[in-house]
Amino acid sequence: MNAETAYTDALRAVEAHYGPVTDFGCIHCTDNASRWIVDNSASAVVDQKFRRYSSNPAHYWPFCGRCARDYESSMSDAPPVAFRRVSVFAERHWFTDCFRVDVSGSVLLSDAYATYLDFCREERFPTQEVMSRLAFKKSLLRRGASQKRTNRGVAISGIELRSN
């Protein structure tokens, strides 16, 4: 890597590995992510403009702007998972394994979340990687689903449970 473009090259490698940061939710608050940030506990290089970067894409986490500033300024050795771990990189897999997009489909949020929890147990996700119910709902809504209150509870429209 050229010293002048190393930071930009590292971010391009992360985007090539994971895809655009905007495809993910913030690892801390689950808002839409806007920046890839190097894990403070990972070894990283600091460039002439005092920006931290790593050549290893696994050292990066998606953050929204507000949480990125908080995390970078803390310079704690604790990785962002100490705040709240949401397995954003696994999101694409659980969604396609548990659901299918169907504009006329609808599923109760409680049933959808139970299906997700079953998937997490089957895949042996560590407890700290399992999304909270709110983070799960936000993740579905980011995918274009909509919510509607019914007499049976909150329904998520635009998806259906995938039959086994």
# chains A, B, ... in the order shown; residues from 1 in each chain; ligands from 1
>>> closest_atom_pairs(of="stretch 19-38 of chain A", to="stretch 52-62 of chain A", cutoff="8 Å", atoms="only C-alpha atoms", output="Markdown table")
| residue | atom | partner | partner_atom | distance |
| --- | --- | --- | --- | --- |
| A:Val21 | CA | A:Pro62 | CA | 6.2 |
| A:Phe24 | CA | A:Pro62 | CA | 6.7 |
| A:Gly25 | CA | A:Pro62 | CA | 6.9 |
| A:Cys26 | CA | A:Pro62 | CA | 5.4 |
| A:Ile27 | CA | A:Pro62 | CA | 5.9 |
| A:Ala33 | CA | A:Pro62 | CA | 5.6 |
| A:Ser34 | CA | A:Pro62 | CA | 7.1 |
| A:Arg35 | CA | A:Pro62 | CA | 5.8 |
| A:Trp36 | CA | A:Pro62 | CA | 4.7 |
| A:Ile37 | CA | A:Tyr60 | CA | 5.3 |
| A:Val38 | CA | A:Tyr60 | CA | 4.4 |
>>> select_by_dssp(residues="stretch 3-151 of chain A", states="strand (DSSP E)", output="list in words")
Arg35, Trp36, Ile37, Val38, Val45, Val46, Arg52, Tyr53, Tyr60, Trp61, Pro62, Phe63, Phe99, Arg100, Val101, Asp102, Val103, Ser104, Gly105, Ser106, Val107, Leu108, Ser146, Gln147, Lys148, Arg149 and Thr150 of chain A
>>> write_last_selection(atoms="N, CA and C atoms", output="compact mmCIF listing (two decimals), in the first residue's frame")
# COMPACT_ATOMS: atom_id res chain seq x y z
N ARG A 35 -20.14 4.63 8.47
CA ARG A 35 -18.68 4.62 8.49
C ARG A 35 -18.15 3.27 8.98
N TRP A 36 -17.08 2.80 8.34
CA TRP A 36 -16.35 1.64 8.83
C TRP A 36 -15.29 2.15 9.80
N ILE A 37 -15.26 1.59 11.00
CA ILE A 37 -14.31 2.02 12.03
C ILE A 37 -13.49 0.82 12.47
N VAL A 38 -12.18 1.05 12.66
CA VAL A 38 -11.28 -0.02 13.12
C VAL A 38 -11.56 -0.29 14.59
N VAL A 45 -2.66 0.96 12.00
CA VAL A 45 -1.68 1.96 11.61
C VAL A 45 -2.35 3.32 11.69
N VAL A 46 -1.60 4.33 12.07
CA VAL A 46 -2.12 5.70 12.10
C VAL A 46 -1.40 6.47 10.99
N ARG A 52 -6.86 6.05 11.90
CA ARG A 52 -6.48 4.66 12.16
C ARG A 52 -7.04 3.78 11.04
N TYR A 53 -6.22 2.85 10.57
CA TYR A 53 -6.71 1.88 9.60
C TYR A 53 -5.96 0.57 9.77
N TYR A 60 -12.75 -4.26 11.19
CA TYR A 60 -13.65 -3.11 11.03
C TYR A 60 -15.06 -3.44 11.49
N TRP A 61 -15.75 -2.41 11.96
CA TRP A 61 -17.14 -2.51 12.39
C TRP A 61 -17.94 -1.37 11.77
N PRO A 62 -19.21 -1.60 11.43
CA PRO A 62 -20.05 -0.52 10.89
C PRO A 62 -20.63 0.34 12.02
N PHE A 63 -20.51 1.64 11.91
CA PHE A 63 -21.04 2.58 12.89
C PHE A 63 -21.80 3.70 12.19
N PHE A 99 -36.63 -16.21 6.22
CA PHE A 99 -37.74 -15.49 5.59
C PHE A 99 -37.59 -15.44 4.09
N ARG A 100 -38.70 -15.10 3.46
CA ARG A 100 -38.66 -14.78 2.03
C ARG A 100 -39.49 -13.53 1.82
N VAL A 101 -39.06 -12.72 0.89
CA VAL A 101 -39.77 -11.47 0.59
C VAL A 101 -41.02 -11.82 -0.20
N ASP A 102 -42.15 -11.28 0.26
CA ASP A 102 -43.43 -11.48 -0.43
C ASP A 102 -44.27 -10.25 -0.13
N VAL A 103 -44.51 -9.42 -1.14
CA VAL A 103 -45.22 -8.16 -0.93
C VAL A 103 -46.60 -8.36 -0.32
N SER A 104 -47.21 -9.49 -0.57
CA SER A 104 -48.55 -9.72 0.01
C SER A 104 -48.47 -10.50 1.32
N GLY A 105 -47.26 -10.88 1.73
CA GLY A 105 -47.10 -11.67 2.94
C GLY A 105 -47.11 -10.83 4.21
N SER A 106 -47.34 -11.50 5.32
CA SER A 106 -47.35 -10.84 6.62
C SER A 106 -47.08 -11.89 7.69
N VAL A 107 -46.36 -11.50 8.72
CA VAL A 107 -46.07 -12.40 9.83
C VAL A 107 -46.06 -11.58 11.12
N LEU A 108 -46.55 -12.17 12.20
CA LEU A 108 -46.51 -11.48 13.48
C LEU A 108 -45.05 -11.32 13.91
N SER A 146 -42.75 -3.45 6.41
CA SER A 146 -43.45 -2.40 7.15
C SER A 146 -44.17 -3.06 8.32
N GLN A 147 -44.52 -2.25 9.30
CA GLN A 147 -45.21 -2.79 10.47
C GLN A 147 -46.62 -2.24 10.57
N LYS A 148 -47.48 -3.05 11.16
CA LYS A 148 -48.87 -2.65 11.33
C LYS A 148 -49.38 -3.29 12.62
N ARG A 149 -50.04 -2.52 13.43
CA ARG A 149 -50.61 -3.05 14.66
C ARG A 149 -51.92 -3.75 14.34
N THR A 150 -52.05 -4.97 14.84
CA THR A 150 -53.28 -5.74 14.65
C THR A 150 -53.80 -6.13 16.03
>>> closest_residue(among="A:Leu109, A:Tyr7, A:Ile156, A:Trp94", to="A:Phe125", atoms="only C-alpha atoms")
A:Trp94
>>> closest_residue(among="A:Arg121, A:Glu15, A:His28, A:Thr127", to="A:Arg69", atoms="only C-alpha atoms")
A:His28
>>> atom_distance(atom1="atom CA of A:Phe95", atom2="atom CA of A:Leu140")
8.5 Å
